[in-house]
Number of protein chains: 4
Amino acid sequence: MRHLFRHPHAEITGIYGPADELGPITKFFPLLSKTVDMDQVLFDPAAVAAQADLAMLCVPHKVAMAYVPQLRQAGVRVIDWSADYRLKDAAEYEEWYCPHTDRAGLAEAVYGLPEYFAADIAQAGLVANPGCYPTCTALALAPVLQAGLVEPSGIVVNSISGVSGAGRKPSQSNHYPQRNENFEPYGVGNHRHMPEMEQTLTAILGRPVELLFQPHLCPMDRGMLSTIYCRPTGNITTEQVLKVLQQAYAQAPFVRVRTDTLPATKDVATTNFCDLTARVAKGRVILFSALDNLVKGASGQAVQAMNIVCGYPETTGLISN
Amino acid sequence: MRHLFRHPHAEITGIYGPADELGPITKFFPLLSKTVDMDQVLFDPAAVAAQADLAMLCVPHKVAMAYVPQLRQAGVRVIDWSADYRLKDAAEYEEWYCPHTDRAGLAEAVYGLPEYFAADIAQAGLVANPGCYPTCTALALAPVLQAGLVEPSGIVVNSISGVSGAGRKPSQSNHYPQRNENFEPYGVGNHRHMPEMEQTLTAILGRPVELLFQPHLCPMDRGMLSTIYCRPTGNITTEQVLKVLQQAYAQAPFVRVRTDTLPATKDVATTNFCDLTARVAKGRVILFSALDNLVKGASGQAVQAMNIVCGYPETTGLISN
Amino acid sequence: MRHLFRHPHAEITGIYGPADELGPITKFFPLLSKTVDMDQVLFDPAAVAAQADLAMLCVPHKVAMAYVPQLRQAGVRVIDWSADYRLKDAAEYEEWYCPHTDRAGLAEAVYGLPEYFAADIAQAGLVANPGCYPTCTALALAPVLQAGLVEPSGIVVNSISGVSGAGRKPSQSNHYPQRNENFEPYGVGNHRHMPEMEQTLTAILGRPVELLFQPHLCPMDRGMLSTIYCRPTGNITTEQVLKVLQQAYAQAPFVRVRTDTLPATKDVATTNFCDLTARVAKGRVILFSALDNLVKGASGQAVQAMNIVCGYPETTGLISN
Amino acid sequence: MRHLFRHPHAEITGIYGPADELGPITKFFPLLSKTVDMDQVLFDPAAVAAQADLAMLCVPHKVAMAYVPQLRQAGVRVIDWSADYRLKDAAEYEEWYCPHTDRAGLAEAVYGLPEYFAADIAQAGLVANPGCYPTCTALALAPVLQAGLVEPSGIVVNSISGVSGAGRKPSQSNHYPQRNENFEPYGVGNHRHMPEMEQTLTAILGRPVELLFQPHLCPMDRGMLSTIYCRPTGNITTEQVLKVLQQAYAQAPFVRVRTDTLPATKDVATTNFCDLTARVAKGRVILFSALDNLVKGASGQAVQAMNIVCGYPETTGLISN
């Protein structure tokens, strides 16, 4: 909401929620006071259609695919933040999530990673806003895979995320005295972002990409960093890999290729930037990628996609926030 | 449990819990593995009496006063960590908490602040383990009140606590992304530790003490610091106040009076120490008091009282943990 | 720089530093890459005058009063972030800081607290950007003093600050392993913001205000919260105090008076808002005030003053950042 | 010092430092007040020999190899916390550190990892206390390498450490506002613990082990976690790997093999435990290893070695701290 409030061409025409969470939005988010002072009202696709050209749908997976058809039928373009429209193959979705009830939506949806699918996004009625880990990983791997510098299999993606990645719902695991000063792995071999990464990179490369993804929870609010280990296809230097990254993102406003220093989560915090670099060491290519899971990994990327959908410059309302 | 495990004369003979939290204690606290590898079994006063001389009762208020009479009747000495036996006046207890159902226990209970009530604790069958804030405050204020250096009214106690003070139960307020990097006040004018402070200091001084207590939540695991503002009764210097504190605690193994530097929560973290100092500035006496809310403010103080109850040296199992 | 970069009417025409800190600004602040990609060049008042209408002077006290006269003579309007022009009385400045070498500047300078001195700021050539603690304190106290609700003496200001308040220079005290999980007081009776608070409130009230200020360091990046204890002048309710605050700031875009809830530092983080509330308890009026020491306590307030100096709406470039 | 103070058979007979850091040890570490209230005096090998059977030498590399010969000649057994005696091959030491000036010491030194070299430690006059990362890594990898479950090359060791691992000296990088909420990699391909890991595992396995080690800095005080990716030598299940770990450490008091849950740094904080587990996923064996870099990664392991050197049970003074 802060991104939209600041956006010069966007207007928040309504905020919608479930029956038990209605009323002033500042009751839930006091920080919005004197900026977005609106009431959250009951979700109603007709009302949305009457008021808005585009909906940001921020509900859990399964709920999203119940709402999307209603919004689409009412003529509203949708950017969906859930996982429901990210995996193009319904069977794969059902293996990792639950039965899929909106095949039509699945067929229509465009994966909202602007650095690779901007042309599709520009035409889209339904955009699947990518997961945070897949964004962080794909931006690093795609260019070196496309350039044929590394093998498309046996890749190890070691990632960490700030705790906001786990959502707003209190849990024993993220109760402050449990989580603070506590670093730990989770989701070994079964995190749902792993197939999303493979699908995205396979689509970009045009042939199968296979990787192992291992996430960890880091005691901080926001920030994501992936350390990616690849086998080079031949003799290669750090400089060559960096050059490929630089060329790939020469025109990308939100990707910054670092050469002399390494990415750090604080350097991208509250921004829509993804910072990348690469090093060759002991016969491996190591890629480092950092972004803010709440911005380039969620809200910022959604606004970036909205800009493309609506025909605004990609950076509108986003640079230097 | 870590304090008792390390204690040379204590043996943990049983761990008891409610029906829905039984089984290996390491399931709830993995950090106890290879130290306290016991099962938590259903609470049963007869079983406790058969196995133990003394019970550490760590349940919420209201639950405690249901268990204490059973344990006392079975002949078990009890150190109760709840608030149920801290306020001697049942009417006052009921004003701040709920109806009190164990007046006999209330009459028997001794307030477990060893620095002031060691003689009573030595004879006690039931010890009310003091609140963390009242311990932190009373240790600082008692000597200067007793020495007549400051007025016993109009005192302001400004305190902060680490988040562990709020317990283990997850809440929106202490969900990591909400609590981290977030400092805030709570309980304005109505925190239940305020009457406990007044009662304790009134008992020590022998005449009414009146104060205003304002707690705040600080984004860290453990640690408590009180900044206490008093009006001096006459002309007084920092040196005079420090001397009074030093004399008061010359024999107290767990109170450290600092002179040249100020208390900091990290200097007492994981220890049973309370660090104190005083300064006179702009016509006020300012007292600073720091302790670890989980040790001197809870478990360590309970073991200190247990030592006194059982006739061991006060510091047994506690110094340098 | 991020505020200015985003500001629709501001342009950063040059960044100046000392001889040993020249070169790409992103070398020192990687987070500015792809936004403010400029070189920091050697400070030269003539160059500044040639390029800029207004200078943001962010140097330590004593250095500031060496640069200001040069900039003013060159015709550049200055917003000075140091303490050099905050205390109007040179003798008082010299008591707390060091000899003052720019009496002319002192006479010209306007104290840049927009909520109280906007008319003066609008005419100013030299604005003294207020200290963070004084801003936080004055915004809370001024209305209740002006309304005669509380005594102008015997006030206790208990404040906490995030660690960024101590600056960028590494120190043992703020080395991460020393500062993390560590809350502590400092500057007892001798913090330089105490006379600034008294001067500001005395100027606003029109008669002497006396207070005791006690700061503490809190283990978080940013955020400031003051808990202020006052004696009421007569019988008074929480509602009456809240009403006075609401009326005082009805037109102030950056002050938010909270009624049902209390201020928390995270609700103002990265914004230019100051959140206030009041409660009457145990015969005292307690005021709570929270702001981001880096924004409303520094950069945001400087841009707010710049807006007034330049005739832009006060909120330009600042709301919803 | 806290470990030694608590140790039933150890007595701290002297604390020695450089000329500019003499005086009460509590001046540097206020938390030691009322426990270790000694003066730090000028280092003098003869004085140490006169007072002590064994020295804990906690100085930087290069300084250590200047002191060790003096202490050894005076007949003092030494546990050296620096890197100076960890790499057995002087040429390799000199490649990663600096010229080595004590070849005799190098020949005498025993690598102090008790789980693998206890017999040698028991006879040692000079023990090289292992690095934190190598301890964390070797304990996880050694059993699966010895059992032939994974390839001894192509191993990727992805590790994170709390900030205390970087030492007590303030730096821009670990200044609180820079380090807090900031996760970042460092030492790509050139961390000095990499050859130490390879040497240790090669010694244990009896043939060359090759690995890539990548450390990261995590914003917390203490704690270390390694996520280790290996290629299995054949078909293998999680259960088989866990069984190998359990058998390897059945008698090891400080290694805990977890089966159903994953290691987390908070579960080992302030203890001498190393928590391990393994999972097979997507054709890889993933090992997870966690310890407290200040205890099992430094002080606790040194005391564990001291116990062995002195003939005390290995756990003396260490369990449940």
# chains A, B, ... in the order shown; residues from 1 in each chain; ligands from 1
$ interface_residues --of "chain D" --to "chain C" --cutoff "8 Å" --atoms "only C-alpha atoms" --output "ChimeraX atom specification"
/D:163-164,168-172,174-177,179-180,220-221
$ write_last_selection --atoms "N, CA and C atoms" --output "tab-separated table (two decimals), in the first residue's frame"
chain	number	residue	atom	x	y	z
D	163	VAL	N	28.36	-12.91	14.86
D	163	VAL	CA	29.38	-11.86	14.68
D	163	VAL	C	30.53	-11.96	15.67
D	164	SER	N	30.32	-12.61	16.79
D	164	SER	CA	31.43	-12.74	17.76
D	164	SER	C	32.60	-13.49	17.13
D	168	ARG	N	36.76	-9.06	18.98
D	168	ARG	CA	36.28	-7.93	19.79
D	168	ARG	C	36.64	-6.57	19.22
D	169	LYS	N	37.49	-6.54	18.21
D	169	LYS	CA	37.98	-5.25	17.72
D	169	LYS	C	36.94	-4.57	16.84
D	170	PRO	N	36.56	-3.33	17.17
D	170	PRO	CA	35.55	-2.64	16.36
D	170	PRO	C	36.00	-2.45	14.92
D	171	SER	N	35.06	-2.52	14.01
D	171	SER	CA	35.34	-2.31	12.58
D	171	SER	C	34.10	-1.69	11.95
D	172	GLN	N	34.30	-1.06	10.78
D	172	GLN	CA	33.14	-0.50	10.08
D	172	GLN	C	32.15	-1.61	9.76
D	174	ASN	N	31.44	-4.35	11.25
D	174	ASN	CA	30.65	-4.90	12.36
D	174	ASN	C	30.16	-3.84	13.33
D	175	HIS	N	30.20	-2.58	12.89
D	175	HIS	CA	29.55	-1.51	13.63
D	175	HIS	C	28.05	-1.85	13.64
D	176	TYR	N	27.41	-1.72	14.80
D	176	TYR	CA	26.04	-2.22	14.92
D	176	TYR	C	25.10	-1.79	13.78
D	177	PRO	N	25.04	-0.49	13.45
D	177	PRO	CA	24.07	-0.10	12.40
D	177	PRO	C	24.43	-0.66	11.01
D	179	ARG	N	25.95	-3.84	10.69
D	179	ARG	CA	25.85	-5.30	10.76
D	179	ARG	C	24.43	-5.79	11.06
D	180	ASN	N	23.71	-5.06	11.88
D	180	ASN	CA	22.37	-5.49	12.28
D	180	ASN	C	21.46	-5.59	11.05
D	220	MET	N	23.75	-12.02	14.45
D	220	MET	CA	23.44	-12.50	15.80
D	220	MET	C	24.77	-12.62	16.54
D	221	ASP	N	24.72	-12.70	17.85
D	221	ASP	CA	25.94	-12.70	18.65
D	221	ASP	C	26.77	-13.96	18.45
$ residues_around --residues "Tyr93 in chain A" --least-positions-apart "2" --cutoff "12 Å" --atoms "only C-alpha atoms" --output "ChimeraX atom specification"
/A:61-62,83-91,95-103,106,192-196,199
$ atom_distance --atom1 "CA of Ser159 in chain C" --atom2 "CA of Gly112 in chain C"
21.1 Å
$ residues_around --residues "range 54-59 of chain B" --least-positions-apart "6" --cutoff "10 Å" --atoms "only C-alpha atoms" --output "NGL selection string"
:B and (1 or 10 or 12-17 or 45 or 48 or 65 or 67-68 or 71-72 or 75-83 or 125-129 or 298-299 or 302-303 or 306 or 309-310)
$ select_by_dssp --residues "range 242-320 of chain B" --states "strand (DSSP E)" --output "PyMOL selection string"
chain B and resi 255-257+274-281+284-291
$ atom_distance --atom1 "CA of Ala52 in chain D" --atom2 "CA of Asn307 in chain D"
15.0 Å
$ atom_distance --atom1 "CA of Pro152 in chain C" --atom2 "CA of Ile204 in chain C"
11.7 Å
$ residues_around --residues "Ala119 in chain B" --least-positions-apart "5" --cutoff "12 Å" --atoms "only C-alpha atoms" --output "VMD selection string"
chain B and resid 110 to 114 124 305 308 to 309 311
$ write_last_selection --atoms "C-alpha atoms" --output "short mmCIF file (atom, residue, chain, number, x, y, z; two decimals), in the first residue's frame"
data_model
loop_
_atom_site.label_atom_id
_atom_site.label_comp_id
_atom_site.auth_asym_id
_atom_site.auth_seq_id
_atom_site.Cartn_x
_atom_site.Cartn_y
_atom_site.Cartn_z
CA VAL B 110 6.86 -15.87 52.28
CA TYR B 111 7.98 -13.33 49.68
CA GLY B 112 11.12 -14.80 48.21
CA LEU B 113 13.43 -11.80 47.90
CA PRO B 114 16.51 -13.21 49.66
CA ALA B 124 9.17 -21.28 54.67
CA ALA B 305 15.49 -19.23 47.65
CA ILE B 308 18.09 -20.91 51.70
CA VAL B 309 15.08 -23.18 52.30
CA GLY B 311 20.18 -24.82 54.17
#
$ select_by_dssp --residues "range 143-176 of chain D" --states "alpha helix (DSSP H)" --output "list in words"
Pro143, Val144, Leu145, Gln146 and Tyr176 of chain D
$ write_last_selection --atoms "N, CA, C and O atoms" --output "CSV table (one decimal), in the first residue's frame"
chain,number,residue,atom,x,y,z
D,143,PRO,N,32.3,-38.9,9.9
D,143,PRO,CA,31.7,-40.2,10.0
D,143,PRO,C,31.2,-40.7,8.6
D,143,PRO,O,31.4,-41.9,8.2
D,144,VAL,N,30.6,-39.8,7.8
D,144,VAL,CA,30.1,-40.2,6.5
D,144,VAL,C,31.2,-40.5,5.5
D,144,VAL,O,31.1,-41.3,4.6
D,145,LEU,N,32.3,-39.8,5.7
D,145,LEU,CA,33.5,-40.1,4.8
D,145,LEU,C,34.1,-41.4,5.2
D,145,LEU,O,34.4,-42.3,4.4
D,146,GLN,N,34.2,-41.6,6.5
D,146,GLN,CA,34.8,-42.8,7.0
D,146,GLN,C,34.0,-44.0,6.6
D,146,GLN,O,34.5,-45.1,6.3
D,176,TYR,N,27.4,-1.7,14.8
D,176,TYR,CA,26.0,-2.2,14.9
D,176,TYR,C,25.1,-1.8,13.8
D,176,TYR,O,24.4,-2.6,13.2
$ residues_around --residues "range 33-36 of chain C" --least-positions-apart "6" --cutoff "12 Å" --atoms "only C-alpha atoms" --output "PyMOL selection string"
(chain A and resi 250-258+263+267-268+271-275+315+318-321) or (chain C and resi 1-6+11-15+24-27)
$ write_last_selection --atoms "N, CA, C and O atoms" --output "short mmCIF file (atom, residue, chain, number, x, y, z; two decimals), in the first residue's frame"
data_model
loop_
_atom_site.label_atom_id
_atom_site.label_comp_id
_atom_site.auth_asym_id
_atom_site.auth_seq_id
_atom_site.Cartn_x
_atom_site.Cartn_y
_atom_site.Cartn_z
N ALA A 250 22.34 -5.02 -18.55
CA ALA A 250 22.74 -3.65 -18.89
C ALA A 250 21.54 -2.71 -18.95
O ALA A 250 21.63 -1.54 -18.58
N GLN A 251 20.38 -3.22 -19.38
CA GLN A 251 19.19 -2.38 -19.50
C GLN A 251 18.18 -2.62 -18.38
O GLN A 251 17.07 -2.07 -18.42
N ALA A 252 18.51 -3.47 -17.42
CA ALA A 252 17.53 -3.79 -16.36
C ALA A 252 17.65 -2.79 -15.22
O ALA A 252 18.68 -2.75 -14.55
N PRO A 253 16.62 -2.00 -14.99
CA PRO A 253 16.77 -0.93 -13.99
C PRO A 253 16.91 -1.45 -12.56
O PRO A 253 17.41 -0.72 -11.70
N PHE A 254 16.46 -2.67 -12.29
CA PHE A 254 16.45 -3.14 -10.91
C PHE A 254 17.46 -4.24 -10.59
O PHE A 254 17.40 -4.84 -9.53
N VAL A 255 18.33 -4.53 -11.52
CA VAL A 255 19.39 -5.51 -11.22
C VAL A 255 20.72 -4.79 -11.24
O VAL A 255 21.05 -4.07 -12.19
N ARG A 256 21.47 -4.96 -10.15
CA ARG A 256 22.77 -4.31 -10.06
C ARG A 256 23.85 -5.39 -9.95
O ARG A 256 23.86 -6.18 -9.01
N VAL A 257 24.73 -5.41 -10.94
CA VAL A 257 25.82 -6.39 -10.93
C VAL A 257 27.01 -5.76 -10.21
O VAL A 257 27.53 -4.73 -10.63
N ARG A 258 27.41 -6.37 -9.11
CA ARG A 258 28.55 -5.86 -8.34
C ARG A 258 29.81 -6.61 -8.77
O ARG A 258 29.76 -7.80 -9.07
N PRO A 263 27.26 -8.90 -2.57
CA PRO A 263 25.94 -8.44 -2.15
C PRO A 263 25.75 -8.63 -0.65
O PRO A 263 26.29 -9.56 -0.05
N ASP A 267 22.08 -3.71 1.78
CA ASP A 267 22.27 -2.80 0.65
C ASP A 267 21.06 -2.79 -0.29
O ASP A 267 20.96 -1.92 -1.16
N VAL A 268 20.19 -3.75 -0.14
CA VAL A 268 18.97 -3.77 -0.97
C VAL A 268 17.70 -3.57 -0.14
O VAL A 268 16.59 -3.52 -0.70
N THR A 271 14.35 -1.62 -0.97
CA THR A 271 14.42 -1.23 -2.39
C THR A 271 13.95 -2.38 -3.28
O THR A 271 13.84 -3.52 -2.84
N ASN A 272 13.73 -2.06 -4.55
CA ASN A 272 13.34 -3.09 -5.52
C ASN A 272 14.54 -3.66 -6.28
O ASN A 272 14.38 -4.34 -7.27
N PHE A 273 15.73 -3.39 -5.76
CA PHE A 273 16.93 -3.88 -6.45
C PHE A 273 17.24 -5.34 -6.09
O PHE A 273 16.96 -5.81 -4.99
N CYS A 274 17.83 -6.02 -7.07
CA CYS A 274 18.47 -7.30 -6.81
C CYS A 274 19.95 -7.12 -7.11
O CYS A 274 20.31 -6.71 -8.22
N ASP A 275 20.80 -7.40 -6.12
CA ASP A 275 22.24 -7.26 -6.30
C ASP A 275 22.86 -8.62 -6.59
O ASP A 275 22.59 -9.59 -5.87
N THR A 315 10.03 1.72 -13.85
CA THR A 315 10.53 2.17 -12.55
C THR A 315 9.57 3.10 -11.81
O THR A 315 9.85 3.51 -10.68
N LEU A 318 8.99 3.39 -7.99
CA LEU A 318 9.79 2.34 -7.37
C LEU A 318 11.23 2.72 -7.08
O LEU A 318 11.81 2.25 -6.10
N ILE A 319 11.83 3.51 -7.93
CA ILE A 319 13.25 3.80 -7.72
C ILE A 319 13.39 4.68 -6.48
O ILE A 319 12.63 5.61 -6.26
N SER A 320 14.41 4.33 -5.69
CA SER A 320 14.78 5.12 -4.52
C SER A 320 13.71 5.15 -3.44
O SER A 320 13.52 6.15 -2.78
N ASN A 321 13.00 4.05 -3.27
CA ASN A 321 12.08 4.07 -2.14
C ASN A 321 12.79 3.51 -0.93
O ASN A 321 13.15 2.40 -0.88
N MET C 1 20.21 11.49 1.08
CA MET C 1 20.31 11.49 -0.37
C MET C 1 19.13 10.79 -1.01
O MET C 1 18.66 11.19 -2.05
N ARG C 2 18.64 9.71 -0.34
CA ARG C 2 17.48 9.04 -0.90
C ARG C 2 16.25 9.94 -0.87
O ARG C 2 15.44 9.94 -1.79
N HIS C 3 16.11 10.76 0.18
CA HIS C 3 14.99 11.69 0.22
C HIS C 3 15.09 12.73 -0.90
O HIS C 3 14.10 13.05 -1.54
N LEU C 4 16.28 13.24 -1.11
CA LEU C 4 16.44 14.27 -2.13
C LEU C 4 16.28 13.67 -3.53
O LEU C 4 15.70 14.29 -4.42
N PHE C 5 16.80 12.47 -3.70
CA PHE C 5 16.69 11.81 -5.00
C PHE C 5 15.22 11.64 -5.39
O PHE C 5 14.83 11.80 -6.54
N ARG C 6 14.41 11.33 -4.41
CA ARG C 6 12.99 11.09 -4.67
C ARG C 6 12.19 12.39 -4.78
O ARG C 6 11.08 12.41 -5.32
N GLU C 11 17.24 18.61 -6.88
CA GLU C 11 18.23 17.93 -7.69
C GLU C 11 19.55 17.96 -6.92
O GLU C 11 19.95 19.02 -6.43
N ILE C 12 20.18 16.81 -6.78
CA ILE C 12 21.47 16.77 -6.11
C ILE C 12 22.52 17.19 -7.13
O ILE C 12 22.82 16.46 -8.07
N THR C 13 23.07 18.39 -6.94
CA THR C 13 24.01 18.90 -7.95
C THR C 13 25.45 18.57 -7.60
O THR C 13 26.32 18.62 -8.47
N GLY C 14 25.71 18.23 -6.35
CA GLY C 14 27.07 17.87 -5.97
C GLY C 14 27.10 17.25 -4.59
O GLY C 14 26.24 17.54 -3.75
N ILE C 15 28.07 16.37 -4.38
CA ILE C 15 28.29 15.77 -3.06
C ILE C 15 29.74 16.07 -2.70
O ILE C 15 30.65 15.79 -3.48
N PRO C 24 33.54 7.70 -5.88
CA PRO C 24 32.13 7.30 -6.04
C PRO C 24 31.43 7.18 -4.69
O PRO C 24 31.92 6.49 -3.80
N ILE C 25 30.32 7.82 -4.56
CA ILE C 25 29.58 7.77 -3.30
C ILE C 25 29.12 6.34 -3.01
O ILE C 25 28.96 5.95 -1.85
N THR C 26 28.97 5.55 -4.06
CA THR C 26 28.54 4.16 -3.86
C THR C 26 29.64 3.31 -3.23
O THR C 26 29.37 2.21 -2.77
N LYS C 27 30.87 3.82 -3.22
CA LYS C 27 31.94 3.10 -2.54
C LYS C 27 31.66 3.08 -1.03
O LYS C 27 31.94 2.10 -0.35
#
$ closest_residue --among "B:Ala19, B:Lys282, B:Ile236, B:His191" --to "Glu210 in chain C" --atoms "only C-alpha atoms"
B:Lys282
$ residues_around --residues "Gly187 in chain C" --least-positions-apart "3" --cutoff "8 Å" --atoms "only C-alpha atoms" --output "VMD selection string"
chain C and resid 190 to 191 214 to 215
